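Raw model_14.txt, compact mmCIF, C-alpha atoms:
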# COMPACT_ATOMS: atom_id res chain seq x y z
CA MET A 19 -12.67 -47.20 66.77
CA VAL A 20 -13.93 -43.61 66.95
CA SER A 21 -17.18 -44.53 65.20
CA THR A 22 -17.67 -47.48 67.60
CA ILE A 23 -17.41 -45.10 70.57
CA GLY A 24 -19.78 -42.76 68.79
CA THR A 25 -22.26 -45.59 68.33
CA PHE A 26 -22.33 -46.29 72.04
CA VAL A 27 -22.64 -42.61 72.97
CA PHE A 28 -25.54 -42.37 70.52
CA ALA A 29 -27.17 -45.52 71.97
CA VAL A 30 -26.88 -44.17 75.54
CA GLY A 31 -28.54 -40.97 74.36
CA ILE A 32 -31.49 -42.89 72.97
CA LEU A 33 -31.63 -45.02 76.12
CA ILE A 34 -31.92 -41.90 78.28
CA PHE A 35 -34.79 -40.78 76.05
CA LEU A 36 -36.59 -44.13 76.45
CA VAL A 37 -36.05 -44.12 80.25
CA ASN A 38 -37.42 -40.59 80.29
CA ILE A 39 -40.59 -41.77 78.54
CA LEU A 40 -41.10 -44.68 80.99
CA VAL A 41 -40.44 -42.55 84.09
CA SER A 42 -42.69 -39.77 82.84
CA LEU A 43 -45.49 -42.25 82.17
CA LYS A 44 -45.34 -43.57 85.76
CA ARG A 45 -44.65 -40.48 87.83
CA GLY A 46 -44.81 -36.72 87.91
CA ALA A 47 -47.60 -34.20 87.50
CA THR A 48 -49.47 -33.99 84.17
CA ALA A 49 -48.39 -30.92 82.22
CA THR A 50 -50.75 -27.98 82.36
CA ALA A 51 -51.84 -26.01 79.32
CA ASN A 52 -48.86 -23.68 79.63
CA PRO A 53 -46.09 -25.52 81.52
CA TRP A 54 -43.32 -23.09 80.52
CA ASP A 55 -45.37 -20.00 81.33
CA ALA A 56 -44.80 -18.96 77.72
CA PRO A 57 -46.13 -15.64 76.39
CA THR A 58 -47.54 -16.51 72.97
CA LEU A 59 -50.91 -17.49 71.68
CA GLU A 60 -50.45 -21.23 71.11
CA TRP A 61 -50.04 -21.70 74.88
CA ALA A 62 -53.42 -20.11 75.51
CA ALA A 63 -55.28 -23.18 74.23
CA ALA A 64 -56.29 -25.95 76.65
CA SER A 65 -54.23 -29.17 76.78
CA PRO A 66 -55.10 -31.30 74.86
CA ALA A 67 -56.28 -28.60 72.47
CA PRO A 68 -59.91 -28.75 71.31
CA VAL A 69 -60.41 -29.36 67.58
CA TYR A 70 -61.49 -25.77 67.01
CA ASN A 71 -58.50 -24.28 68.95
CA PHE A 72 -60.36 -21.07 69.82
CA ALA A 73 -64.13 -20.78 70.07
CA VAL A 74 -63.96 -17.14 69.05
CA ILE A 75 -61.36 -15.30 66.99
CA PRO A 76 -59.21 -13.65 69.70
CA PHE A 77 -58.08 -10.05 69.56
CA ILE A 78 -54.35 -9.68 69.97
CA ALA A 79 -52.95 -6.38 71.23
CA SER A 80 -49.24 -7.15 71.65
CA ARG A 81 -46.44 -9.60 70.86
CA HIS A 82 -46.81 -11.28 74.24
CA PRO A 83 -50.56 -11.67 74.78
CA LEU A 84 -50.15 -13.90 77.87
CA TRP A 85 -47.65 -11.62 79.61
CA GLU A 86 -49.45 -8.32 79.10
CA ASP A 87 -50.35 -7.82 82.77
CA ARG A 88 -46.74 -8.35 83.83
CA LEU A 89 -44.98 -6.46 81.03
CA ASP A 90 -47.40 -3.57 80.88
CA GLU A 91 -45.75 -2.41 77.65
CA SER A 92 -48.87 -1.15 75.89
CA ALA A 93 -52.21 0.26 76.80
CA GLY A 94 -54.26 -2.36 74.93
CA ARG A 95 -55.12 -5.80 76.27
CA SER A 96 -55.59 -8.91 74.18
CA SER A 97 -58.98 -10.55 74.44
CA LEU A 98 -58.98 -14.33 74.18
CA GLU A 99 -62.42 -15.00 75.61
CA GLN A 100 -64.38 -12.37 73.72
CA GLY A 101 -64.25 -11.96 69.98
CA TYR A 102 -66.09 -12.57 66.76
CA LEU A 103 -68.01 -15.83 66.81
CA LEU A 104 -68.35 -16.22 63.02
CA MET A 105 -70.88 -19.02 63.20
CA GLU A 106 -72.96 -18.31 60.07
CA GLY A 107 -71.30 -20.61 57.55
CA ARG A 108 -67.70 -20.41 56.43
CA GLU A 109 -66.49 -17.04 57.58
CA THR A 110 -63.25 -15.44 58.50
CA ILE A 111 -62.15 -11.99 59.47
CA GLY A 112 -60.44 -9.55 57.13
CA THR A 113 -58.21 -6.96 58.74
CA THR A 114 -56.66 -3.68 57.73
CA PRO A 115 -53.23 -4.31 56.16
CA LEU A 116 -50.97 -2.40 58.56
CA ASP A 117 -52.78 -2.23 61.91
CA ALA A 118 -54.54 -5.61 61.63
CA MET A 119 -57.75 -4.10 62.96
CA PRO A 120 -60.91 -6.10 62.16
CA ASP A 121 -62.23 -4.64 58.94
CA VAL A 122 -64.71 -7.01 57.32
CA ILE A 123 -66.25 -10.45 57.81
CA LEU A 124 -65.33 -12.41 54.69
CA LYS A 125 -67.55 -15.20 53.39
CA MET A 126 -65.40 -18.09 52.22
CA PRO A 127 -66.49 -19.98 49.08
CA ASP A 128 -67.35 -23.67 48.96
CA ASP A 129 -65.33 -26.22 47.02
CA SER A 130 -65.45 -25.76 43.27
CA PHE A 131 -64.46 -27.76 40.19
CA MET A 132 -63.60 -24.60 38.29
CA PRO A 133 -59.91 -24.38 39.28
CA PHE A 134 -59.49 -27.90 37.87
CA PHE A 135 -61.13 -26.97 34.58
CA LEU A 136 -59.12 -23.76 34.38
CA GLY A 137 -55.92 -25.75 34.85
CA LEU A 138 -56.99 -28.34 32.28
CA PHE A 139 -57.97 -25.82 29.59
CA GLY A 140 -54.91 -23.72 30.41
CA ALA A 141 -52.69 -26.75 29.73
CA LEU A 142 -54.59 -27.44 26.49
CA VAL A 143 -53.98 -23.83 25.37
CA PHE A 144 -50.25 -24.55 25.49
CA VAL A 145 -50.70 -27.93 23.77
CA GLY A 146 -52.53 -26.07 21.02
CA LEU A 147 -49.69 -23.52 20.77
CA LEU A 148 -47.11 -26.32 20.51
CA LEU A 149 -49.08 -27.98 17.70
CA HIS A 150 -49.62 -24.63 15.90
CA ALA A 151 -53.35 -25.36 16.05
CA ARG A 152 -54.72 -21.84 16.03
CA ASP A 153 -58.45 -22.55 16.21
CA PHE A 154 -58.00 -25.17 18.94
CA THR A 155 -55.88 -22.75 20.99
CA LEU A 156 -58.48 -19.99 20.68
CA LEU A 157 -61.24 -22.42 21.64
CA MET A 158 -59.34 -23.52 24.74
CA ALA A 159 -58.60 -19.90 25.69
CA LEU A 160 -62.34 -19.28 25.44
CA ALA A 161 -62.97 -22.32 27.67
CA CYS A 162 -60.46 -20.84 30.16
CA SER A 163 -62.33 -17.56 30.34
CA LEU A 164 -65.67 -19.38 30.68
CA SER A 165 -64.28 -21.43 33.60
CA LEU A 166 -63.02 -18.25 35.22
CA MET A 167 -66.38 -16.57 34.75
CA VAL A 168 -68.25 -19.47 36.35
CA TRP A 169 -65.67 -19.52 39.14
CA LEU A 170 -66.15 -15.81 39.81
CA TRP A 171 -69.93 -15.84 39.28
CA PRO A 172 -71.42 -13.63 42.04
CA ARG A 173 -73.04 -15.82 44.68
CA LYS A 174 -75.73 -15.01 47.16
CA ALA A 175 -74.09 -17.24 49.76
CA LEU A 176 -70.99 -15.05 49.62
CA ILE A 177 -73.13 -11.88 49.66
CA GLN A 178 -71.63 -10.78 46.37
CA ARG A 179 -75.17 -10.28 45.09
CA VAL A 180 -78.27 -8.61 46.42
CA PRO A 181 -79.19 -10.92 49.31
CA ASP A 182 -82.69 -12.24 49.99
CA ILE A 183 -82.58 -11.24 53.63
CA GLU A 184 -83.44 -7.78 54.89
CA TYR A 185 -80.51 -5.44 55.21
CA ASP A 186 -79.15 -4.73 58.70
CA LYS A 187 -79.84 -8.30 59.73
CA GLY A 188 -76.75 -10.40 60.23
CA VAL A 189 -74.45 -7.39 60.14
CA ALA A 190 -73.24 -7.54 63.72
CA HIS A 191 -71.83 -10.86 64.81
CA GLY A 192 -69.97 -9.36 67.78
CA MET B 2 -48.81 0.11 69.07
CA ALA B 3 -52.20 -1.10 70.15
CA GLU B 4 -55.31 0.73 71.09
CA ALA B 5 -58.32 -0.58 72.92
CA MET B 6 -60.19 -3.04 70.72
CA PRO B 7 -63.76 -1.96 70.01
CA LEU B 8 -65.68 -5.21 70.23
CA GLN B 9 -69.12 -3.77 69.69
CA GLN B 10 -68.34 -2.28 66.31
CA PRO B 11 -70.41 -4.01 63.61
CA LEU B 12 -68.43 -5.14 60.59
CA PRO B 13 -69.60 -5.38 56.99
CA VAL B 14 -70.22 -8.98 55.87
CA GLY B 15 -69.24 -10.51 52.55
CA SER B 16 -67.85 -8.81 49.44
CA GLU B 17 -68.03 -5.21 50.60
CA SER B 18 -66.48 -3.18 47.76
CA LYS B 19 -63.04 -2.00 48.86
CA HIS B 20 -62.91 -4.30 51.87
CA SER B 21 -63.39 -7.44 49.78
CA GLY B 22 -60.72 -9.96 48.90
CA GLY B 23 -61.28 -9.32 45.19
CA TRP B 24 -60.32 -5.65 45.55
CA TRP B 25 -56.95 -6.56 47.06
CA GLY B 26 -56.51 -9.33 44.51
CA MET B 27 -57.10 -6.86 41.68
CA LEU B 28 -54.58 -4.43 43.19
CA ALA B 29 -52.03 -7.27 43.27
CA LEU B 30 -52.83 -8.12 39.64
CA ILE B 31 -52.39 -4.46 38.67
CA ALA B 32 -49.02 -4.39 40.46
CA THR B 33 -47.76 -7.37 38.43
CA GLU B 34 -49.26 -6.29 35.10
CA GLY B 35 -48.06 -2.73 35.66
CA SER B 36 -44.57 -4.13 36.20
CA LEU B 37 -44.86 -6.07 32.92
CA PHE B 38 -45.63 -2.89 30.98
CA ALA B 39 -42.91 -1.01 32.84
CA TYR B 40 -40.39 -3.64 31.68
CA LEU B 41 -41.71 -3.52 28.12
CA LEU B 42 -41.54 0.26 27.92
CA PHE B 43 -38.10 0.22 29.50
CA ALA B 44 -37.02 -2.22 26.78
CA TYR B 45 -38.37 0.22 24.17
CA PHE B 46 -36.51 3.22 25.58
CA TYR B 47 -33.30 1.28 26.13
CA LEU B 48 -33.24 -0.15 22.60
CA ALA B 49 -34.25 3.19 21.10
CA SER B 50 -31.34 4.85 22.89
CA GLN B 51 -28.87 2.20 21.66
CA THR B 52 -29.96 1.79 18.06
CA GLU B 53 -28.17 3.22 15.02
CA GLN B 54 -31.39 3.15 12.99
CA HIS B 55 -33.39 6.20 12.10
CA TRP B 56 -36.08 6.27 14.82
CA PRO B 57 -38.94 5.60 14.20
CA PRO B 58 -37.77 4.02 10.92
CA GLU B 59 -40.93 4.94 9.00
CA GLY B 60 -40.91 8.58 10.09
CA LEU B 61 -43.22 10.25 12.58
CA PRO B 62 -46.51 8.41 13.26
CA ILE B 63 -49.80 9.93 12.14
CA LEU B 64 -51.63 11.09 15.24
CA PHE B 65 -55.21 11.49 14.03
CA MET B 66 -56.81 8.04 14.37
CA PRO B 67 -54.73 6.89 17.39
CA GLY B 68 -55.62 10.19 19.06
CA ILE B 69 -59.33 9.61 18.47
CA ASN B 70 -58.89 6.03 19.67
CA THR B 71 -57.32 7.31 22.89
CA LEU B 72 -60.32 9.59 23.43
CA ILE B 73 -62.63 6.61 22.81
CA LEU B 74 -60.85 4.54 25.45
CA LEU B 75 -60.90 7.43 27.93
CA THR B 76 -64.63 7.90 27.35
CA SER B 77 -65.16 4.19 27.88
CA SER B 78 -63.39 4.41 31.24
CA ALA B 79 -65.56 7.40 32.17
CA CYS B 80 -68.65 5.34 31.28
CA VAL B 81 -67.60 2.53 33.62
CA TRP B 82 -67.11 5.12 36.37
CA ALA B 83 -70.53 6.63 35.60
CA SER B 84 -72.09 3.17 35.67
CA GLU B 85 -70.75 2.55 39.17
CA ARG B 86 -72.00 5.96 40.30
CA CYS B 87 -75.45 5.21 38.85
CA ILE B 88 -75.62 1.95 40.84
CA GLN B 89 -74.72 3.86 43.99
CA LEU B 90 -77.49 6.36 43.21
CA ARG B 91 -79.98 3.51 42.57
CA GLN B 92 -80.31 4.37 38.88
CA LEU B 93 -80.00 0.81 37.56
CA PRO B 94 -81.24 1.44 33.98
CA TRP B 95 -78.71 4.24 33.57
CA ALA B 96 -76.00 2.03 35.06
CA LEU B 97 -76.83 -0.66 32.49
CA ALA B 98 -76.84 1.84 29.60
CA SER B 99 -73.55 3.32 30.74
CA MET B 100 -71.90 -0.08 31.03
CA ALA B 101 -73.23 -1.09 27.58
CA LEU B 102 -71.80 2.14 26.12
CA ALA B 103 -68.45 1.43 27.80
CA LEU B 104 -68.43 -2.03 26.23
CA ILE B 105 -69.31 -0.69 22.75
CA LEU B 106 -66.58 1.96 22.98
CA GLY B 107 -64.12 -0.74 24.04
CA VAL B 108 -65.03 -2.81 20.97
CA CYS B 109 -64.60 0.31 18.82
CA PHE B 110 -61.11 0.77 20.27
CA VAL B 111 -60.16 -2.79 19.34
CA ALA B 112 -61.59 -2.43 15.82
CA ILE B 113 -59.79 0.87 15.17
CA GLN B 114 -56.54 -0.48 16.59
CA LEU B 115 -56.74 -3.60 14.38
CA ASN B 116 -57.34 -1.30 11.40
CA GLU B 117 -54.30 0.77 12.41
CA TRP B 118 -52.21 -2.40 12.51
CA SER B 119 -53.36 -3.45 9.04
CA LYS B 120 -52.34 -0.05 7.57
CA LEU B 121 -48.73 -0.30 8.76
CA THR B 122 -46.01 -1.03 6.22
CA TYR B 123 -43.96 -3.08 8.70
CA ASP B 124 -44.75 -6.11 10.82
CA MET B 125 -43.34 -7.85 13.89
CA ALA B 126 -40.29 -9.22 12.08
CA THR B 127 -39.36 -6.27 9.85
CA ASN B 128 -37.12 -4.35 12.20
CA LEU B 129 -36.46 -3.50 15.84
CA TYR B 130 -39.11 -0.82 15.95
CA GLY B 131 -41.73 -3.14 14.45
CA SER B 132 -40.98 -5.82 17.04
CA LEU B 133 -41.29 -3.34 19.88
CA TYR B 134 -44.43 -1.75 18.47
CA PHE B 135 -46.30 -5.01 17.97
CA THR B 136 -45.12 -6.60 21.23
CA ILE B 137 -46.19 -3.66 23.37
CA THR B 138 -49.42 -2.71 21.59
CA GLY B 139 -50.18 -6.43 21.24
CA PHE B 140 -49.83 -7.00 24.97
CA HIS B 141 -52.05 -4.00 25.57
CA MET B 142 -54.59 -5.34 23.07
CA LEU B 143 -54.68 -8.65 25.01
CA HIS B 144 -55.42 -6.74 28.19
CA VAL B 145 -58.18 -4.80 26.44
CA ILE B 146 -59.76 -8.05 25.21
CA VAL B 147 -59.69 -9.47 28.75
CA GLY B 148 -61.24 -6.18 29.88
CA LEU B 149 -64.02 -6.53 27.30
CA ILE B 150 -64.82 -10.00 28.64
CA ILE B 151 -64.95 -8.54 32.16
CA LEU B 152 -67.22 -5.69 31.05
CA SER B 153 -69.52 -8.17 29.28
CA ALA B 154 -69.75 -10.25 32.45
CA LEU B 155 -70.54 -7.15 34.50
CA LEU B 156 -73.20 -6.09 32.00
CA LEU B 157 -74.78 -9.56 32.13
CA TRP B 158 -74.75 -9.66 35.92
CA MET B 159 -76.23 -6.17 36.11
CA ALA B 160 -78.96 -7.12 33.65
CA LEU B 161 -79.74 -10.19 35.80
CA GLY B 162 -80.30 -7.82 38.73
CA TYR B 163 -77.43 -9.14 40.85
CA PHE B 164 -76.31 -5.71 42.05
CA ASP B 165 -77.92 -2.84 43.90
CA HIS B 166 -76.73 0.26 45.72
CA ARG B 167 -75.39 -1.84 48.60
CA ARG B 168 -73.78 -4.75 46.77
CA TYR B 169 -71.74 -4.00 43.66
CA ALA B 170 -68.19 -5.06 44.58
CA ALA B 171 -67.75 -6.84 41.23
CA VAL B 172 -68.42 -3.56 39.37
CA THR B 173 -65.87 -1.72 41.51
CA ILE B 174 -63.24 -4.42 40.98
CA GLY B 175 -63.88 -4.93 37.25
CA GLY B 176 -63.97 -1.16 36.78
CA LEU B 177 -60.61 -0.84 38.50
CA TYR B 178 -59.11 -3.24 35.94
CA TRP B 179 -60.59 -1.25 33.05
CA HIS B 180 -59.21 2.03 34.41
CA PHE B 181 -55.82 0.34 34.74
CA VAL B 182 -55.90 -0.79 31.09
CA ASP B 183 -56.79 2.78 30.17
CA VAL B 184 -53.88 4.28 32.11
CA VAL B 185 -51.49 1.77 30.52
CA TRP B 186 -52.71 2.88 27.09
CA LEU B 187 -51.91 6.50 27.97
CA PHE B 188 -48.31 5.43 28.64
CA VAL B 189 -48.16 3.34 25.46
CA PHE B 190 -49.71 6.13 23.41
CA THR B 191 -47.31 8.71 24.82
CA THR B 192 -44.34 6.45 24.13
CA PHE B 193 -45.16 5.49 20.55
CA TYR B 194 -47.10 8.47 19.22
CA LEU B 195 -46.25 11.60 21.22
CA LEU B 196 -42.61 11.28 22.30
CA PRO B 197 -41.22 10.80 18.74
CA TYR B 198 -42.35 14.38 18.06
CA LEU B 199 -40.09 15.64 20.84
CA TYR B 200 -36.76 14.30 19.56
As a first step, turn the structure in this file into structure tokens.
Amino acid sequence: MVSTIGTFVFAVGILIFLVNILVSLKRGATATANPWDAPTLEWAAASPAPVYNFAVIPFIASRHPLWEDRLDESAGRSSLEQGYLLMEGRETIGTTPLDAMPDVILKMPDDSFMPFFLGLFGALVFVGLLLHARDFTLLMALACSLSLMVWLWPRKALIQRVPDIEYDKGVAHG
Amino acid sequence: MAEAMPLQQPLPVGSESKHSGGWWGMLALIATEGSLFAYLLFAYFYLASQTEQHWPPEGLPILFMPGINTLILLTSSACVWASERCIQLRQLPWALASMALALILGVCFVAIQLNEWSKLTYDMATNLYGSLYFTITGFHMLHVIVGLIILSALLLWMALGYFDHRRYAAVTIGGLYWHFVDVVWLFVFTTFYLLPYLY
């Protein structure tokens, strides 16, 4: 008996939800980008959000970047329109650990097979240990270190090596 | 909390020595490996304080060769530091020579240490002290061998002309690891060779 009543209460709840969908489809204003006037960054994007979310990496100066003018709790102002563009390949910003100030523009690596090989040879090291096959284990450990070395090989694209371009070019993306 | 954000400030791009991801990654690795050796040395001191055995069972260790070996490892670390300085000062041939010397000294350390092991009258399974000695110096030896592979890679990359006075993050990061291995050896050396003379 109690569970039957519960079933109907539950069904009415779902019905209200469905009615809400139908009514909302027919009438009412379309929601703006920030209908709740919320303070945080996700509400700063347009609705529907573009695939890139933000065209530049925004600078954030407080916990409530969209309420800064009203709260006036700190001297700094967040900047959502101006920031680092980072348009030369895969790049992201590195910040200082505590203050999160922009510190370096990091070049992100491309896809690589080396993690797969490292995992494979790493597993084979343990197979070798289980089988007490000393030479095989050593060989696989060597293959592991070779994979790691290829993985970490300094690349020009990541500017880990002396680049071809002249220095001082491409330093300021601001 | 926040200051005005300087937008015009140019930032370094790519692997810029102590700003690079690898530098922070190496610091994280050192934190974990340092913890490993801290546990191992704690195990040594705890078991030494609890045991009824005469400690060390074979009497006081002979200091001469391990002492020389310690000096060799310290010199090797100094060579890696000198190599990095030489790159900064645009002295690439000297940087190469210094790194090669560091590598050779590292190999010498391994050879002398293996010889020390072969001279011992006990092994891993003989007694408590033997287990501790071989576990801890063995773990350190593994780290030295990894370090030798890193130094070889750095030497190769230097010889291929990958680094100059502006781009040498890999040398800084690899060098940091080698200095770490060196500092760990100082703790291991103090624990096994120097402290037994004090009690």
Please build the interface table for chain B against chain A with a cut-off of 12 Å, listing for each qualifying residue the nearest atom pair and the distance in Å to one decimal; count only C-alpha atoms, order rows by chain and increasing number, and write it as CSV.
residue,atom,partner,partner_atom,distance
B:Met2,CA,A:Ser92,CA,6.9
B:Ala3,CA,A:Gly94,CA,5.4
B:Glu4,CA,A:Gly94,CA,5.0
B:Ala5,CA,A:Gly94,CA,4.9
B:Met6,CA,A:Gly94,CA,7.3
B:Pro7,CA,A:Pro120,CA,9.3
B:Leu8,CA,A:Gly192,CA,6.5
B:Gln9,CA,A:Gly192,CA,6.0
B:Gln10,CA,A:Gly192,CA,7.4
B:Pro11,CA,A:Ala190,CA,4.5
B:Leu12,CA,A:Val122,CA,5.3
B:Pro13,CA,A:Val122,CA,5.2
B:Val14,CA,A:Ile123,CA,4.7
B:Gly15,CA,A:Leu124,CA,4.8
B:Ser16,CA,A:Gln178,CA,5.3
B:Glu17,CA,A:Val122,CA,7.7
B:Ser18,CA,A:Gln178,CA,9.3
B:Lys19,CA,A:Val122,CA,10.0
B:His20,CA,A:Val122,CA,6.3
B:Ser21,CA,A:Leu124,CA,7.3
B:Gly22,CA,A:Leu124,CA,7.8
B:Gly23,CA,A:Leu170,CA,9.7
B:Trp25,CA,A:Pro115,CA,10.1
B:Leu143,CA,A:Ala159,CA,11.9
B:Ile146,CA,A:Ser163,CA,11.1
B:Val147,CA,A:Ser163,CA,8.7
B:Gly148,CA,A:Ser163,CA,11.4
B:Leu149,CA,A:Ser163,CA,11.6
B:Ile150,CA,A:Ser163,CA,8.1
B:Ile151,CA,A:Met167,CA,8.6
B:Leu152,CA,A:Met167,CA,11.5
B:Ser153,CA,A:Met167,CA,10.5
B:Ala154,CA,A:Met167,CA,7.5
B:Leu155,CA,A:Trp171,CA,9.9
B:Leu157,CA,A:Trp171,CA,10.7
B:Trp158,CA,A:Pro172,CA,8.0
B:Met159,CA,A:Arg179,CA,9.9
B:Leu161,CA,A:Arg179,CA,10.4
B:Gly162,CA,A:Val180,CA,8.0
B:Tyr163,CA,A:Arg179,CA,4.9
B:Phe164,CA,A:Val180,CA,5.6
B:Asp165,CA,A:Val180,CA,6.3
B:His166,CA,A:Val180,CA,9.0
B:Arg167,CA,A:Val180,CA,7.7
B:Arg168,CA,A:Val180,CA,5.9
B:Tyr169,CA,A:Arg179,CA,7.3
B:Ala170,CA,A:Gln178,CA,6.9
B:Ala171,CA,A:Gln178,CA,7.5
B:Val172,CA,A:Gln178,CA,10.6
B:Thr173,CA,A:Gln178,CA,11.8
B:Ile174,CA,A:Leu170,CA,11.8
B:Gly175,CA,A:Leu170,CA,11.4
Separating CA of Leu84 (chain A) from CA of Ala56 (chain A), to the nearest tenth of an Å, is a gap of 7.4 Å
For CA of Asn71 (chain A) and CA of Met105 (chain A), quote the distance in Å rounded to one decimal.
14.6 Å
Straight-line distance linking CA of Thr76 (chain B) with CA of Phe188 (chain B), stated in Å to one decimal:
16.6 Å
B:Phe181, B:Leu156, B:Val189, B:Phe46: which is nearest Trp95 (chain B), counting only C-alpha atoms?
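With only C-alpha atoms as the atom set, the closest residue is B:Leu156.
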With a distance cut-off of 12 Å and all atoms listed in the file, select the neighbouring residues of region 146-158 of chain A, excluding the residue or stretch itself and same-chain residues fewer than 6 positions from it, and output the selection as a count of residues only.
8
